[in-house]
$ cat data12.txt   # compact mmCIF, C-alpha atoms and all ligand atoms
# COMPACT_ATOMS: atom_id res chain seq x y z
CA MET A 17 107.39 14.81 57.85
CA SER A 18 104.44 16.93 58.93
CA ARG A 19 101.41 17.21 56.70
CA PHE A 20 102.32 20.85 56.08
CA GLU A 21 105.89 19.99 55.01
CA ASP A 22 104.49 17.30 52.77
CA ALA A 23 102.02 19.77 51.22
CA LYS A 24 104.79 22.27 50.74
CA ASN A 25 106.74 19.73 48.72
CA THR A 26 103.73 18.85 46.63
CA TYR A 27 103.17 22.52 45.81
CA LYS A 28 106.88 22.96 45.13
CA SER A 29 106.72 20.22 42.52
CA LEU A 30 103.86 22.17 40.94
CA GLY A 31 106.04 25.27 40.88
CA VAL A 32 104.41 27.04 43.82
CA ASP A 33 106.21 28.75 46.73
CA VAL A 34 104.01 28.08 49.76
CA GLU A 35 105.94 30.37 52.11
CA ALA A 36 105.54 33.28 49.70
CA ALA A 37 101.81 32.58 49.47
CA LEU A 38 101.44 32.49 53.27
CA ALA A 39 103.38 35.73 53.66
CA ALA A 40 101.24 37.42 51.01
CA VAL A 41 97.81 36.32 52.19
CA SER A 42 98.32 37.59 55.73
CA LYS A 43 98.91 41.11 54.41
CA VAL A 44 95.76 41.51 52.29
CA PRO A 45 93.33 43.82 54.07
CA VAL A 46 89.75 42.56 54.08
CA SER A 47 87.11 45.05 55.15
CA ILE A 48 84.70 43.47 57.62
CA HIS A 49 81.10 44.70 57.33
CA CYS A 50 79.74 45.58 60.76
CA TRP A 51 76.14 45.03 59.63
CA GLN A 52 76.13 41.22 59.80
CA GLY A 53 75.97 41.63 63.58
CA ASP A 54 72.56 43.29 63.86
CA ASP A 55 70.72 42.52 60.61
CA VAL A 56 71.60 45.96 59.13
CA THR A 57 69.67 47.86 61.82
CA GLY A 58 72.18 50.40 63.09
CA PHE A 59 71.79 52.68 66.09
CA ASP A 60 70.25 55.87 64.76
CA SER A 61 66.70 55.60 63.42
CA ARG A 62 66.16 51.90 64.19
CA GLU A 63 63.60 51.87 61.40
CA ALA A 64 62.75 48.62 59.66
CA LEU A 65 65.28 47.73 56.98
CA SER A 66 64.24 49.31 53.68
CA GLY A 67 65.80 49.91 50.29
CA GLY A 68 64.87 46.63 48.64
CA ILE A 69 67.32 44.60 50.72
CA GLN A 70 66.27 42.03 53.27
CA THR A 71 67.56 39.96 56.15
CA THR A 72 65.60 36.82 56.82
CA GLY A 73 65.66 34.75 59.99
CA ASN A 74 65.24 35.47 63.66
CA TYR A 75 68.18 33.78 65.35
CA PRO A 76 68.40 35.00 68.96
CA GLY A 77 71.18 37.15 70.39
CA LYS A 78 71.72 39.91 67.87
CA ALA A 79 73.66 42.98 68.98
CA THR A 80 71.45 45.96 69.85
CA THR A 81 73.98 48.35 71.41
CA PRO A 82 77.41 49.62 70.35
CA ALA A 83 79.04 47.72 73.21
CA GLU A 84 77.43 44.47 72.10
CA LEU A 85 78.37 44.97 68.46
CA MET A 86 81.95 45.78 69.41
CA ALA A 87 82.17 42.70 71.64
CA ASP A 88 80.83 40.53 68.82
CA LEU A 89 83.30 42.03 66.35
CA ASP A 90 86.14 41.25 68.75
CA LYS A 91 84.97 37.65 68.92
CA VAL A 92 84.96 37.55 65.12
CA PHE A 93 88.42 39.13 64.85
CA SER A 94 89.79 36.44 67.16
CA LEU A 95 88.52 33.70 64.86
CA VAL A 96 89.56 35.11 61.49
CA PRO A 97 93.14 35.17 60.17
CA GLY A 98 94.69 37.98 58.15
CA GLN A 99 94.66 41.75 58.07
CA LYS A 100 91.37 43.39 58.95
CA LYS A 101 89.64 46.68 58.34
CA LEU A 102 86.39 47.78 59.95
CA ASN A 103 83.55 48.69 57.58
CA LEU A 104 80.93 50.98 59.11
CA HIS A 105 77.64 52.39 57.86
CA ALA A 106 76.56 55.89 58.85
CA CYS A 107 73.53 54.46 60.69
CA TYR A 108 75.98 53.06 63.26
CA ALA A 109 76.62 56.57 64.62
CA ILE A 110 76.87 56.58 68.40
CA MET A 111 74.89 59.48 69.89
CA GLU A 112 73.95 60.49 73.41
CA PRO A 113 70.14 60.47 73.91
CA ASN A 114 70.15 64.23 74.54
CA ALA A 115 72.28 65.02 71.49
CA ILE A 116 70.72 63.09 68.65
CA VAL A 117 71.16 64.60 65.20
CA ASP A 118 69.72 63.52 61.88
CA ARG A 119 71.81 62.05 59.08
CA ASP A 120 72.28 65.40 57.37
CA LYS A 121 74.04 66.69 60.49
CA LEU A 122 76.37 63.79 61.26
CA ALA A 123 79.91 64.73 62.28
CA PRO A 124 83.14 62.93 63.13
CA ALA A 125 82.34 63.16 66.86
CA HIS A 126 79.47 60.70 66.37
CA PHE A 127 82.00 58.08 65.35
CA ALA A 128 84.70 58.81 67.92
CA PRO A 129 84.06 55.56 69.86
CA TRP A 130 84.43 53.58 66.64
CA LEU A 131 87.65 55.38 65.83
CA GLN A 132 89.01 54.49 69.25
CA PHE A 133 87.88 50.89 68.79
CA ALA A 134 89.68 50.63 65.44
CA LYS A 135 92.79 52.43 66.62
CA GLU A 136 93.18 50.15 69.63
CA ARG A 137 93.12 47.20 67.23
CA GLY A 138 95.46 48.79 64.69
CA MET A 139 92.79 48.84 62.01
CA GLY A 140 91.69 51.24 59.32
CA ILE A 141 88.03 52.13 58.83
CA ASP A 142 85.92 52.09 55.68
CA PHE A 143 82.65 53.97 55.55
CA ASN A 144 79.24 54.05 53.88
CA PRO A 145 76.57 56.75 53.86
CA THR A 146 73.23 55.11 54.72
CA PHE A 147 70.57 55.96 52.13
CA PHE A 148 67.90 53.58 53.48
CA SER A 149 65.86 52.70 56.59
CA HIS A 150 65.00 56.35 57.23
CA PRO A 151 61.83 58.51 57.05
CA MET A 152 63.44 60.82 54.49
CA VAL A 153 63.47 57.99 51.95
CA LYS A 154 60.31 59.11 50.10
CA ASP A 155 58.65 56.86 47.54
CA ASN A 156 61.80 54.71 47.56
CA LEU A 157 63.90 57.63 46.37
CA THR A 158 66.84 59.52 47.90
CA LEU A 159 69.48 61.21 45.74
CA SER A 160 67.27 60.89 42.66
CA SER A 161 64.11 62.27 44.26
CA PRO A 162 62.15 64.97 42.40
CA ASP A 163 61.38 66.46 45.82
CA GLU A 164 64.19 68.96 46.38
CA THR A 165 63.85 68.77 50.18
CA VAL A 166 64.43 65.04 50.04
CA ARG A 167 67.23 65.23 47.49
CA LYS A 168 69.05 67.99 49.39
CA PHE A 169 68.74 66.12 52.69
CA TRP A 170 70.54 63.14 51.19
CA VAL A 171 73.13 65.29 49.41
CA GLU A 172 73.95 66.80 52.80
CA HIS A 173 74.21 63.30 54.25
CA GLY A 174 76.66 62.33 51.52
CA LYS A 175 78.76 65.43 52.12
CA ARG A 176 78.93 64.80 55.86
CA CYS A 177 80.04 61.23 55.13
CA VAL A 178 82.92 62.41 52.92
CA GLU A 179 84.10 64.56 55.85
CA ILE A 180 83.77 61.69 58.28
CA SER A 181 85.69 59.41 55.89
CA GLN A 182 88.54 61.92 55.73
CA TYR A 183 88.55 62.07 59.54
CA PHE A 184 88.87 58.27 59.73
CA ALA A 185 91.71 58.28 57.20
CA GLU A 186 93.59 61.06 58.97
CA GLU A 187 93.12 59.67 62.45
CA THR A 188 94.02 56.08 61.62
CA GLY A 189 96.68 56.92 59.02
CA ILE A 190 95.03 54.36 56.73
CA PRO A 191 93.00 55.44 53.66
CA CYS A 192 89.23 55.16 53.95
CA VAL A 193 87.15 53.55 51.22
CA MET A 194 83.77 55.32 51.17
CA ASN A 195 81.06 53.55 49.20
CA ILE A 196 77.90 55.17 47.88
CA TRP A 197 74.95 52.89 47.22
CA ILE A 198 71.39 54.15 46.86
CA PRO A 199 68.33 51.94 46.62
CA ASP A 200 66.38 54.30 44.34
CA GLY A 201 64.12 52.67 41.81
CA TYR A 202 60.60 51.79 40.71
CA LYS A 203 58.55 48.68 41.21
CA ASP A 204 56.83 49.06 37.88
CA ILE A 205 57.59 50.38 34.44
CA PRO A 206 58.61 54.05 34.67
CA ALA A 207 57.50 56.68 32.19
CA ASP A 208 60.80 58.55 32.50
CA ARG A 209 64.02 56.67 33.04
CA TYR A 210 66.17 59.72 32.27
CA SER A 211 65.21 62.33 34.87
CA PRO A 212 65.90 60.26 38.01
CA ARG A 213 69.34 59.41 36.66
CA ALA A 214 69.99 63.05 35.77
CA ARG A 215 69.10 64.03 39.35
CA PHE A 216 71.29 61.25 40.77
CA LYS A 217 74.17 62.53 38.65
CA GLN A 218 73.65 66.06 39.89
CA SER A 219 73.42 64.89 43.51
CA LEU A 220 76.67 62.93 43.22
CA ASP A 221 78.37 65.97 41.69
CA GLU A 222 77.18 68.02 44.65
CA ILE A 223 78.44 65.46 47.17
CA LEU A 224 81.82 65.27 45.45
CA SER A 225 82.14 69.05 45.48
CA VAL A 226 83.18 68.74 49.13
CA PRO A 227 86.97 69.12 49.16
CA TYR A 228 88.69 65.91 50.17
CA ASP A 229 92.08 64.30 49.76
CA LYS A 230 91.92 61.69 47.01
CA ASN A 231 94.89 59.87 48.48
CA LYS A 232 93.09 59.47 51.78
CA VAL A 233 89.48 58.91 50.77
CA PHE A 234 88.56 56.57 47.92
CA VAL A 235 84.97 57.32 46.99
CA CYS A 236 83.24 54.37 45.33
CA LEU A 237 79.91 53.97 43.58
CA GLU A 238 78.07 50.64 43.74
CA SER A 239 75.67 49.61 40.99
CA LYS A 240 72.75 47.22 41.19
CA VAL A 241 70.37 45.43 38.88
CA PHE A 242 67.19 45.42 41.01
CA GLY A 243 65.88 45.40 44.58
CA ILE A 244 62.89 43.80 46.28
CA GLY A 245 59.86 45.96 45.47
CA LEU A 246 61.98 47.85 42.95
CA GLU A 247 62.07 45.25 40.22
CA SER A 248 61.51 47.28 37.07
CA TYR A 249 63.99 50.11 37.27
CA THR A 250 67.13 50.89 39.28
CA VAL A 251 68.50 54.41 39.04
CA GLY A 252 72.08 53.35 39.90
CA SER A 253 72.34 50.71 37.19
CA ALA A 254 75.61 49.18 35.99
CA GLU A 255 75.85 51.54 33.01
CA PHE A 256 75.05 54.63 35.05
CA CYS A 257 77.64 53.81 37.69
CA LEU A 258 80.36 52.70 35.31
CA ASN A 259 80.02 55.84 33.22
CA TYR A 260 79.87 58.06 36.27
CA VAL A 261 82.96 56.66 38.00
CA THR A 262 84.90 56.78 34.75
CA GLN A 263 84.04 60.39 34.09
CA LYS A 264 84.74 61.51 37.65
CA GLY A 265 87.78 59.34 38.35
CA ILE A 266 86.26 57.67 41.38
CA VAL A 267 86.24 53.94 42.13
CA PRO A 268 83.73 51.42 40.76
CA LEU A 269 82.34 49.00 43.34
CA MET A 270 81.04 45.64 42.18
CA ASP A 271 78.83 43.55 44.44
CA ASN A 272 78.61 40.03 43.04
CA GLY A 273 74.93 39.84 44.04
CA HIS A 274 74.11 42.80 41.81
CA TYR A 275 74.09 41.24 38.35
CA HIS A 276 71.90 38.89 36.40
CA PRO A 277 72.36 35.36 37.79
CA THR A 278 74.58 34.06 34.98
CA GLU A 279 76.82 37.15 34.94
CA VAL A 280 79.93 36.81 37.11
CA VAL A 281 82.11 39.48 38.65
CA SER A 282 85.15 37.24 38.17
CA ASP A 283 84.80 37.77 34.42
CA LYS A 284 84.34 41.52 34.79
CA LEU A 285 87.41 42.22 36.93
CA SER A 286 90.05 42.12 34.18
CA SER A 287 88.13 44.66 32.10
CA MET A 288 87.75 46.92 35.11
CA LEU A 289 91.45 46.64 36.00
CA LEU A 290 92.42 47.68 32.49
CA PHE A 291 90.62 50.99 32.83
CA HIS A 292 90.69 51.85 36.55
CA ASP A 293 93.50 52.30 39.07
CA HIS A 294 91.33 50.77 41.77
CA VAL A 295 88.30 48.52 41.87
CA ALA A 296 86.25 47.81 45.00
CA LEU A 297 84.36 44.61 45.73
CA HIS A 298 81.46 43.56 47.90
CA VAL A 299 81.91 39.84 48.26
CA THR A 300 78.59 38.16 48.90
CA ARG A 301 76.61 35.08 47.82
CA GLY A 302 73.35 35.53 46.05
CA VAL A 303 71.09 32.51 45.92
CA ARG A 304 68.68 33.05 43.00
CA TRP A 305 68.62 36.77 43.82
CA ASP A 306 70.72 39.28 45.79
CA SER A 307 69.95 37.30 48.92
CA ASP A 308 73.21 38.10 50.72
CA HIS A 309 73.84 34.57 51.96
CA VAL A 310 77.06 33.87 53.89
CA VAL A 311 80.07 33.72 51.56
CA LEU A 312 81.39 30.19 51.06
CA PHE A 313 84.59 28.76 49.61
CA ASP A 314 82.77 28.20 46.35
CA ASP A 315 83.73 28.38 42.69
CA GLU A 316 82.90 32.05 42.11
CA THR A 317 84.62 33.25 45.30
CA LYS A 318 87.73 31.30 44.25
CA GLU A 319 87.53 32.65 40.71
CA ILE A 320 87.24 36.26 41.96
CA ALA A 321 90.34 35.76 44.13
CA LYS A 322 92.15 34.14 41.22
CA GLU A 323 91.47 37.16 39.01
CA ILE A 324 92.86 39.53 41.65
CA VAL A 325 95.98 37.47 42.32
CA CYS A 326 96.89 36.41 38.79
CA HIS A 327 96.78 40.00 37.53
CA ASN A 328 98.93 41.15 40.48
CA ALA A 329 96.14 43.42 41.62
CA LEU A 330 96.04 42.74 45.36
CA ASP A 331 96.96 46.37 46.03
CA ARG A 332 94.45 47.74 43.52
CA VAL A 333 91.34 45.90 44.63
CA PHE A 334 89.57 46.91 47.83
CA ILE A 335 88.01 43.74 49.19
CA ALA A 336 85.01 44.00 51.51
CA THR A 337 82.36 41.52 52.60
CA ASP A 338 78.65 42.31 52.33
CA TYR A 339 76.05 39.79 53.46
CA PHE A 340 73.55 39.42 56.27
CA ASP A 341 72.13 36.13 57.47
CA ALA A 342 69.82 36.32 60.50
CA SER A 343 68.90 32.63 60.43
CA ILE A 344 72.08 31.28 62.03
CA ASN A 345 74.46 32.34 64.78
CA ARG A 346 75.65 35.73 63.50
CA ILE A 347 79.21 35.31 64.78
CA SER A 348 79.54 32.09 62.83
CA ALA A 349 78.00 33.76 59.76
CA TRP A 350 80.66 36.44 59.94
CA VAL A 351 83.51 34.00 60.58
CA THR A 352 82.50 31.50 57.91
CA GLY A 353 82.20 34.22 55.26
CA LEU A 354 85.45 35.92 56.19
CA ARG A 355 87.34 32.64 56.38
CA SER A 356 85.96 31.80 52.94
CA VAL A 357 87.42 35.02 51.53
CA GLN A 358 90.74 34.23 53.21
CA LYS A 359 90.66 30.67 51.88
CA ALA A 360 89.94 31.89 48.36
CA LEU A 361 92.86 34.34 48.52
CA LEU A 362 95.27 31.70 49.82
CA TYR A 363 94.00 29.20 47.25
CA ALA A 364 94.60 31.73 44.48
CA LEU A 365 98.09 32.47 45.80
CA LEU A 366 98.84 28.74 45.60
CA LEU A 367 98.17 28.48 41.88
CA PRO A 368 101.10 28.43 39.40
CA HIS A 369 99.72 31.34 37.39
CA GLU A 370 102.70 31.78 35.10
CA GLN A 371 102.64 28.14 33.97
CA LEU A 372 98.89 28.20 33.50
CA LYS A 373 99.06 31.43 31.51
CA ALA A 374 101.83 29.97 29.34
CA LEU A 375 99.69 26.93 28.54
CA GLN A 376 96.92 29.25 27.40
CA GLN A 377 99.34 31.41 25.43
CA GLU A 378 100.69 28.36 23.60
CA ASN A 379 97.15 27.08 23.08
CA ARG A 380 97.95 23.86 24.94
CA THR A 381 94.37 23.66 26.11
CA THR A 382 94.43 19.91 26.79
CA GLU A 383 97.23 20.30 29.33
CA LEU A 384 95.64 23.45 30.71
CA MET A 385 92.44 21.61 31.52
CA ILE A 386 94.31 18.71 33.10
CA MET A 387 96.51 20.97 35.21
CA GLN A 388 93.60 23.10 36.38
CA GLU A 389 91.76 19.95 37.42
CA GLU A 390 94.81 18.48 39.19
CA LEU A 391 95.27 21.66 41.19
CA LYS A 392 91.79 21.30 42.65
CA THR A 393 92.89 18.28 44.68
CA ALA A 394 96.29 19.64 45.76
CA PRO A 395 96.72 19.52 49.58
CA PHE A 396 95.27 22.97 50.19
CA GLY A 397 93.75 22.03 53.56
CA ASP A 398 97.16 21.43 55.10
CA VAL A 399 98.42 24.86 54.06
CA TRP A 400 95.21 26.48 55.32
CA ALA A 401 95.67 24.72 58.69
CA GLU A 402 99.22 26.05 58.86
CA TYR A 403 98.00 29.59 58.08
CA LEU A 404 95.50 29.45 60.95
CA LYS A 405 98.19 28.12 63.27
CA ARG A 406 100.61 30.91 62.37
CA GLU A 407 97.89 33.51 62.82
CA GLY A 408 97.04 32.06 66.24
CA VAL A 409 93.48 31.27 65.22
CA GLU A 410 91.79 28.03 66.26
CA ALA A 411 90.84 25.77 63.37
CA ASP A 412 87.56 24.47 64.73
CA TYR A 413 85.43 27.42 65.76
CA VAL A 414 82.15 25.64 66.47
CA SER A 415 82.85 25.13 70.17
CA SER A 416 84.13 28.67 70.55
CA VAL A 417 81.07 30.16 68.84
CA LYS A 418 78.74 27.94 70.85
CA ALA A 419 80.42 28.91 74.14
CA TYR A 420 80.07 32.61 73.26
CA GLU A 421 76.44 32.02 72.40
CA LYS A 422 75.82 30.43 75.78
CA GLU A 423 77.79 32.96 77.82
CA VAL A 424 76.97 36.17 75.96
CA LEU A 425 74.36 36.01 73.20
CA ALA A 426 71.78 33.96 75.12
CA LYS A 427 71.77 36.49 77.95
CA ARG A 428 70.81 39.43 75.73
CA ARG A 429 67.38 41.06 76.28
C1 LIG B 501 72.60 46.55 48.71
C2 LIG B 501 74.06 46.79 48.60
C3 LIG B 501 74.68 47.54 49.74
C4 LIG B 501 74.20 47.08 51.10
C5 LIG B 501 75.00 47.62 52.27
C6 LIG B 501 74.31 47.43 53.55
O1 LIG B 501 72.10 45.72 47.74
O2 LIG B 501 74.73 45.59 48.40
O3 LIG B 501 76.05 47.46 49.64
O4 LIG B 501 74.17 45.69 51.18
O5 LIG B 501 75.35 48.91 52.03
ZN ZN B 502 76.86 45.64 48.42

$ encode --input "data12.txt" --output "structure tokens"
Amino acid sequence: MSRFEDAKNTYKSLGVDVEAALAAVSKVPVSIHCWQGDDVTGFDSREALSGGIQTTGNYPGKATTPAELMADLDKVFSLVPGQKKLNLHACYAIMEPNAIVDRDKLAPAHFAPWLQFAKERGMGIDFNPTFFSHPMVKDNLTLSSPDETVRKFWVEHGKRCVEISQYFAEETGIPCVMNIWIPDGYKDIPADRYSPRARFKQSLDEILSVPYDKNKVFVCLESKVFGIGLESYTVGSAEFCLNYVTQKGIVPLMDNGHYHPTEVVSDKLSSMLLFHDHVALHVTRGVRWDSDHVVLFDDETKEIAKEIVCHNALDRVFIATDYFDASINRISAWVTGLRSVQKALLYALLLPHEQLKALQQENRTTELMIMQEELKTAPFGDVWAEYLKREGVEADYVSSVKAYEKEVLAKRR
């Protein structure tokens, strides 16, 4: 008997249908963030990364042109199983040198090559306005700025991005998840915490006044606790964002690097699912702060996946990755993080949720603990290997990544 057949039997004795799990995991769309490939630089302003987020490291070979980024993404796609979506930021607009426009003038045409790229690969596109790394970010403020010229510029940017999102949805036939995150905040204790939030609220209302199809574009709002250099006050705090999305009927986005270190998104998801049709996630790994390390197959990633699967919410949660490590080969950073998300989903699909829930319901906590511990050493690796095989993805990607580094990345610049 093969190791996979053997594993299948073991899971069967635990009450788990491995074939059903394999069929389910391959259909979960995971939105792949394009910004791991170039340290969140983009192609428009090429300003230094701002907004209180940071990439650290200087590993050679990063993508600096659309063609390079697309080639790298293709390499990544070939090494990751499952259904993929492409997640773009507005700063990745592709413009001819003689036809450069600013972010308040962006139009679908500036993303036509990306649309073609996604279409050729049968993928949907998710989108993000870029409210950072730009000269119009004044005093670390965008949509909450007291300077009307600044605020209006960014409102226009947001509006253009809603239109571009609708274009992606219509052209691909797959809904577009558009996420708004602003870095706005203060390094030190503010005198007025109210007015910036009032302006942010007004700006969001103005952006959302653009007519769009709510079945095609899912607008999200991402909260945050603090940024580098913006430690004392964040305009788009958890409470602001949660109240705003609830009032407006848009989608909350939770980035698991955006909470105090002992708070976990896995514990928040059930509450969110009780009150929202959809919830969006940025899966990342914060080490001591929102450091955006590569996602691993660790306890919290598994627990997040478990919460999605055991509440039957795979079609209500938009899963996206969001991290940027410049200290290692960027292709491997992408692949390791995306495989970790896939592993966590498969792992969660291989848990006997109904039995576990029943043990809790009947307060059989002794057996619950034992069963949860036993499941940790079930032959997951053999099912994972089978999943990769069925998806036509090689298990060991070190040699493949290293060969690409030698043939492609090392020759850049
Ligand atoms: C920043 C947010 C945001 C960004 C991306 C690039 O803390 O997590 O989602 O990482 O938009
Ligand atoms: Zn994020």

$ atom_distance --input "data12.txt" --atom1 "atom CA of A:Glu35" --atom2 "atom CA of A:His327"
19.7 Å

$ residues_near_ligand --input "data12.txt" --ligand "ligand ZN 502 (chain B)" --cutoff "8 Å" --atoms "all atoms listed in the file" --output "mmCIF file with C-alpha atoms, in the coordinates of the input"
data_model
loop_
_atom_site.group_PDB
_atom_site.id
_atom_site.type_symbol
_atom_site.label_atom_id
_atom_site.label_comp_id
_atom_site.auth_asym_id
_atom_site.auth_seq_id
_atom_site.Cartn_x
_atom_site.Cartn_y
_atom_site.Cartn_z
ATOM 1 C CA TRP A 197 74.950 52.890 47.220
ATOM 2 C CA GLU A 238 78.070 50.640 43.740
ATOM 3 C CA MET A 270 81.040 45.640 42.180
ATOM 4 C CA ASP A 271 78.830 43.550 44.440
ATOM 5 C CA ASN A 272 78.610 40.030 43.040
ATOM 6 C CA GLY A 273 74.930 39.840 44.040
ATOM 7 C CA HIS A 274 74.110 42.800 41.810
ATOM 8 C CA HIS A 298 81.460 43.560 47.900
ATOM 9 C CA VAL A 299 81.910 39.840 48.260
ATOM 10 C CA THR A 300 78.590 38.160 48.900
ATOM 11 C CA ASP A 338 78.650 42.310 52.330
ATOM 12 C CA TYR A 339 76.050 39.790 53.460
#

$ residues_near_ligand --input "data12.txt" --ligand "ligand LIG 501 (chain B)" --cutoff "10 Å" --atoms "all atoms listed in the file" --output "PyMOL selection string"
chain A and resi 49-52+55-57+65+67-70+103-106+143-148+195-199+237-244+269-274+297-300+306-308+336-340

$ write_last_selection --input "data12.txt" --atoms "C-alpha atoms" --output "PDB file, keeping the file's coordinate frame"
ATOM      1  CA  HIS A  49      81.100  44.700  57.330  1.00  0.00           C
ATOM      2  CA  CYS A  50      79.740  45.580  60.760  1.00  0.00           C
ATOM      3  CA  TRP A  51      76.140  45.030  59.630  1.00  0.00           C
ATOM      4  CA  GLN A  52      76.130  41.220  59.800  1.00  0.00           C
ATOM      5  CA  ASP A  55      70.720  42.520  60.610  1.00  0.00           C
ATOM      6  CA  VAL A  56      71.600  45.960  59.130  1.00  0.00           C
ATOM      7  CA  THR A  57      69.670  47.860  61.820  1.00  0.00           C
ATOM      8  CA  LEU A  65      65.280  47.730  56.980  1.00  0.00           C
ATOM      9  CA  GLY A  67      65.800  49.910  50.290  1.00  0.00           C
ATOM     10  CA  GLY A  68      64.870  46.630  48.640  1.00  0.00           C
ATOM     11  CA  ILE A  69      67.320  44.600  50.720  1.00  0.00           C
ATOM     12  CA  GLN A  70      66.270  42.030  53.270  1.00  0.00           C
ATOM     13  CA  ASN A 103      83.550  48.690  57.580  1.00  0.00           C
ATOM     14  CA  LEU A 104      80.930  50.980  59.110  1.00  0.00           C
ATOM     15  CA  HIS A 105      77.640  52.390  57.860  1.00  0.00           C
ATOM     16  CA  ALA A 106      76.560  55.890  58.850  1.00  0.00           C
ATOM     17  CA  PHE A 143      82.650  53.970  55.550  1.00  0.00           C
ATOM     18  CA  ASN A 144      79.240  54.050  53.880  1.00  0.00           C
ATOM     19  CA  PRO A 145      76.570  56.750  53.860  1.00  0.00           C
ATOM     20  CA  THR A 146      73.230  55.110  54.720  1.00  0.00           C
ATOM     21  CA  PHE A 147      70.570  55.960  52.130  1.00  0.00           C
ATOM     22  CA  PHE A 148      67.900  53.580  53.480  1.00  0.00           C
ATOM     23  CA  ASN A 195      81.060  53.550  49.200  1.00  0.00           C
ATOM     24  CA  ILE A 196      77.900  55.170  47.880  1.00  0.00           C
ATOM     25  CA  TRP A 197      74.950  52.890  47.220  1.00  0.00           C
ATOM     26  CA  ILE A 198      71.390  54.150  46.860  1.00  0.00           C
ATOM     27  CA  PRO A 199      68.330  51.940  46.620  1.00  0.00           C
ATOM     28  CA  LEU A 237      79.910  53.970  43.580  1.00  0.00           C
ATOM     29  CA  GLU A 238      78.070  50.640  43.740  1.00  0.00           C
ATOM     30  CA  SER A 239      75.670  49.610  40.990  1.00  0.00           C
ATOM     31  CA  LYS A 240      72.750  47.220  41.190  1.00  0.00           C
ATOM     32  CA  VAL A 241      70.370  45.430  38.880  1.00  0.00           C
ATOM     33  CA  PHE A 242      67.190  45.420  41.010  1.00  0.00           C
ATOM     34  CA  GLY A 243      65.880  45.400  44.580  1.00  0.00           C
ATOM     35  CA  ILE A 244      62.890  43.800  46.280  1.00  0.00           C
ATOM     36  CA  LEU A 269      82.340  49.000  43.340  1.00  0.00           C
ATOM     37  CA  MET A 270      81.040  45.640  42.180  1.00  0.00           C
ATOM     38  CA  ASP A 271      78.830  43.550  44.440  1.00  0.00           C
ATOM     39  CA  ASN A 272      78.610  40.030  43.040  1.00  0.00           C
ATOM     40  CA  GLY A 273      74.930  39.840  44.040  1.00  0.00           C
ATOM     41  CA  HIS A 274      74.110  42.800  41.810  1.00  0.00           C
ATOM     42  CA  LEU A 297      84.360  44.610  45.730  1.00  0.00           C
ATOM     43  CA  HIS A 298      81.460  43.560  47.900  1.00  0.00           C
ATOM     44  CA  VAL A 299      81.910  39.840  48.260  1.00  0.00           C
ATOM     45  CA  THR A 300      78.590  38.160  48.900  1.00  0.00           C
ATOM     46  CA  ASP A 306      70.720  39.280  45.790  1.00  0.00           C
ATOM     47  CA  SER A 307      69.950  37.300  48.920  1.00  0.00           C
ATOM     48  CA  ASP A 308      73.210  38.100  50.720  1.00  0.00           C
ATOM     49  CA  ALA A 336      85.010  44.000  51.510  1.00  0.00           C
ATOM     50  CA  THR A 337      82.360  41.520  52.600  1.00  0.00           C
ATOM     51  CA  ASP A 338      78.650  42.310  52.330  1.00  0.00           C
ATOM     52  CA  TYR A 339      76.050  39.790  53.460  1.00  0.00           C
ATOM     53  CA  PHE A 340      73.550  39.420  56.270  1.00  0.00           C
TER      54      PHE A 340
END

$ residues_around --input "data12.txt" --residues "A:Glu407" --least-positions-apart "4" --cutoff "9 Å" --atoms "all atoms listed in the file" --output "list in words"
Ser42, Val96, Pro97, Gly98, Glu402 and Tyr403 of chain A

$ atom_distance --input "data12.txt" --atom1 "atom CA of A:Leu85" --atom2 "atom CA of A:Tyr108"
9.9 Å

$ atom_distance --input "data12.txt" --atom1 "atom CA of A:Pro76" --atom2 "atom CA of A:Ala109"
23.5 Å

$ closest_residue --input "data12.txt" --among "A:Val303, A:Val267, A:Ala23, A:Leu354" --to "A:Pro45" --atoms "all atoms listed in the file"
A:Leu354
